[in-house]
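See below for the structure under consideration.
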Amino acid sequence: IACEQQRTRPDDALETAREFIRSSLDGDYEWANELMLQDSVNTYELGIISKKYKTEMSEADKEGYKKASIIVHSVENASDSVVIVNYSNSFKNKQLPLKVIKKDGKWQVDLNYTFTGNL
């Protein structure tokens with residue numbers, strides 16, 4: 001009988017961002033979804049990314065992402081409940097922003113910000 005490892009949600013913005021990025025790089029979109037703000041736009045965006053990973057990405061690219069390191073370029077505390085993490089990964093080295101918000105007592109990724117830049 002296989003037992004699944006219980007994951008603990010990070011309790012700060014930067015670690016939430018790191019967990020989200022790592023799970024995305026690894027193709028673990030279930031965990032990424034758990035760390036994300038649950039709304040229709042975020043669910044849609046993550047669905048597109050997940051589908052591309054599963055159906056369009058080469059095995060070599062998947063392996064490259066899995067082996068990639070996360071590079072944090074800056075962390076901006078926009079407010080007590082909003083943090084913007086600018087990051088890239090060592091495989092593609094394209095800098096992206098990731099918004100993490102504190103809602104309902106937990107830090108959650110607002111993936112929509114990465115695509116729109118709207119606070």
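As shown in the structure tokens, the chain order sets the letters A, B, ...; within each chain, residues go from 1, and ligands are also counted from 1 in the order they appear.
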
Checklist entry - What are the DSSP strand (DSSP E or B) residues of chain A, as a ChimeraX atom specification? => result /A:36,70-79,82-89,96-103,106-110

Take the residues from that selection and write them out as a JSON list (two decimals), in the first residue's frame, keeping N, CA and C atoms.
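Output saved as out-v7.json:
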[["chain", "number", "residue", "atom", "x", "y", "z"],
["A", 36, "MET", "N", -2.47, 28.13, -4.92],
["A", 36, "MET", "CA", -2.95, 29.25, -5.73],
["A", 36, "MET", "C", -4.28, 29.78, -5.22],
["A", 70, "ILE", "N", 15.73, 27.71, -9.02],
["A", 70, "ILE", "CA", 14.92, 28.93, -8.95],
["A", 70, "ILE", "C", 15.84, 30.08, -8.58],
["A", 71, "ILE", "N", 15.78, 31.15, -9.34],
["A", 71, "ILE", "CA", 16.60, 32.34, -9.07],
["A", 71, "ILE", "C", 15.64, 33.47, -8.69],
["A", 72, "VAL", "N", 15.74, 33.92, -7.45],
["A", 72, "VAL", "CA", 14.92, 35.04, -6.99],
["A", 72, "VAL", "C", 15.71, 36.32, -7.21],
["A", 73, "HIS", "N", 15.18, 37.21, -8.04],
["A", 73, "HIS", "CA", 15.86, 38.47, -8.36],
["A", 73, "HIS", "C", 15.49, 39.56, -7.36],
["A", 74, "SER", "N", 14.24, 39.59, -6.95],
["A", 74, "SER", "CA", 13.82, 40.60, -5.97],
["A", 74, "SER", "C", 12.51, 40.17, -5.31],
["A", 75, "VAL", "N", 12.30, 40.70, -4.12],
["A", 75, "VAL", "CA", 11.06, 40.49, -3.38],
["A", 75, "VAL", "C", 10.58, 41.86, -2.95],
["A", 76, "GLU", "N", 9.40, 42.24, -3.41],
["A", 76, "GLU", "CA", 8.83, 43.55, -3.11],
["A", 76, "GLU", "C", 7.58, 43.37, -2.24],
["A", 77, "ASN", "N", 7.63, 43.94, -1.05],
["A", 77, "ASN", "CA", 6.46, 43.93, -0.17],
["A", 77, "ASN", "C", 5.57, 45.10, -0.55],
["A", 78, "ALA", "N", 4.58, 44.87, -1.39],
["A", 78, "ALA", "CA", 3.68, 45.93, -1.84],
["A", 78, "ALA", "C", 2.78, 46.40, -0.70],
["A", 79, "SER", "N", 2.45, 45.49, 0.22],
["A", 79, "SER", "CA", 1.66, 45.81, 1.41],
["A", 79, "SER", "C", 1.84, 44.67, 2.41],
["A", 82, "VAL", "N", 0.42, 41.69, 0.33],
["A", 82, "VAL", "CA", 0.77, 41.49, -1.08],
["A", 82, "VAL", "C", 2.28, 41.55, -1.24],
["A", 83, "VAL", "N", 2.85, 40.51, -1.83],
["A", 83, "VAL", "CA", 4.28, 40.44, -2.08],
["A", 83, "VAL", "C", 4.48, 40.05, -3.55],
["A", 84, "ILE", "N", 5.39, 40.76, -4.22],
["A", 84, "ILE", "CA", 5.72, 40.45, -5.61],
["A", 84, "ILE", "C", 7.12, 39.85, -5.62],
["A", 85, "VAL", "N", 7.23, 38.64, -6.14],
["A", 85, "VAL", "CA", 8.52, 37.95, -6.25],
["A", 85, "VAL", "C", 8.90, 37.92, -7.73],
["A", 86, "ASN", "N", 10.02, 38.55, -8.07],
["A", 86, "ASN", "CA", 10.55, 38.50, -9.43],
["A", 86, "ASN", "C", 11.58, 37.38, -9.48],
["A", 87, "TYR", "N", 11.36, 36.44, -10.39],
["A", 87, "TYR", "CA", 12.20, 35.24, -10.42],
["A", 87, "TYR", "C", 12.45, 34.80, -11.85],
["A", 88, "SER", "N", 13.38, 33.88, -11.99],
["A", 88, "SER", "CA", 13.58, 33.15, -13.23],
["A", 88, "SER", "C", 14.01, 31.75, -12.83],
["A", 89, "ASN", "N", 14.21, 30.89, -13.83],
["A", 89, "ASN", "CA", 14.77, 29.58, -13.53],
["A", 89, "ASN", "C", 16.01, 29.39, -14.40],
["A", 96, "LEU", "N", 10.24, 36.61, -14.53],
["A", 96, "LEU", "CA", 8.79, 36.75, -14.42],
["A", 96, "LEU", "C", 8.42, 37.24, -13.03],
["A", 97, "PRO", "N", 7.32, 37.99, -12.92],
["A", 97, "PRO", "CA", 6.82, 38.38, -11.61],
["A", 97, "PRO", "C", 5.77, 37.38, -11.12],
["A", 98, "LEU", "N", 5.73, 37.16, -9.82],
["A", 98, "LEU", "CA", 4.71, 36.30, -9.22],
["A", 98, "LEU", "C", 4.14, 37.03, -8.01],
["A", 99, "LYS", "N", 2.84, 37.20, -8.00],
["A", 99, "LYS", "CA", 2.17, 37.90, -6.89],
["A", 99, "LYS", "C", 1.67, 36.87, -5.89],
["A", 100, "VAL", "N", 1.97, 37.11, -4.62],
["A", 100, "VAL", "CA", 1.51, 36.25, -3.54],
["A", 100, "VAL", "C", 0.70, 37.14, -2.59],
["A", 101, "ILE", "N", -0.52, 36.72, -2.29],
["A", 101, "ILE", "CA", -1.38, 37.52, -1.42],
["A", 101, "ILE", "C", -1.78, 36.71, -0.19],
["A", 102, "LYS", "N", -2.01, 37.43, 0.89],
["A", 102, "LYS", "CA", -2.49, 36.77, 2.10],
["A", 102, "LYS", "C", -4.00, 36.97, 2.14],
["A", 103, "LYS", "N", -4.71, 35.86, 2.06],
["A", 103, "LYS", "CA", -6.17, 35.88, 2.08],
["A", 103, "LYS", "C", -6.65, 34.73, 2.93],
["A", 106, "LYS", "N", -3.94, 32.76, 4.86],
["A", 106, "LYS", "CA", -2.88, 31.98, 4.23],
["A", 106, "LYS", "C", -2.37, 32.67, 2.97],
["A", 107, "TRP", "N", -1.08, 32.46, 2.70],
["A", 107, "TRP", "CA", -0.46, 33.03, 1.52],
["A", 107, "TRP", "C", -0.84, 32.19, 0.31],
["A", 108, "GLN", "N", -1.26, 32.89, -0.78],
["A", 108, "GLN", "CA", -1.72, 32.22, -1.99],
["A", 108, "GLN", "C", -1.18, 32.95, -3.21],
["A", 109, "VAL", "N", -0.82, 32.19, -4.23],
["A", 109, "VAL", "CA", -0.30, 32.77, -5.47],
["A", 109, "VAL", "C", -1.45, 33.27, -6.33],
["A", 110, "ASP", "N", -1.33, 34.51, -6.80],
["A", 110, "ASP", "CA", -2.28, 35.06, -7.76],
["A", 110, "ASP", "C", -1.60, 35.03, -9.12]]

Item to check | Shell around Trp31 (chain A) at 9 Å using only C-alpha atoms, local window under 4 positions removed, as a VMD selection string | outcome: chain A and resid 7 19 to 20 23 to 24 35 to 36

Checklist entry - What is the CA of Ser81 (chain A) to CA of Arg9 (chain A) distance in Å? => result 16.6 Å

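Inside region 47-110 of chain A, the residues DSSP reads as helix (DSSP H, G or I) when given the backbone are Gly47, Ile48, Ile49, Ser50, Lys51, Lys52, Tyr53, Lys54, Thr55, Glu59, Ala60, Asp61, Lys62, Glu63, Gly64, Tyr65, Lys66 and Lys67 of chain A.
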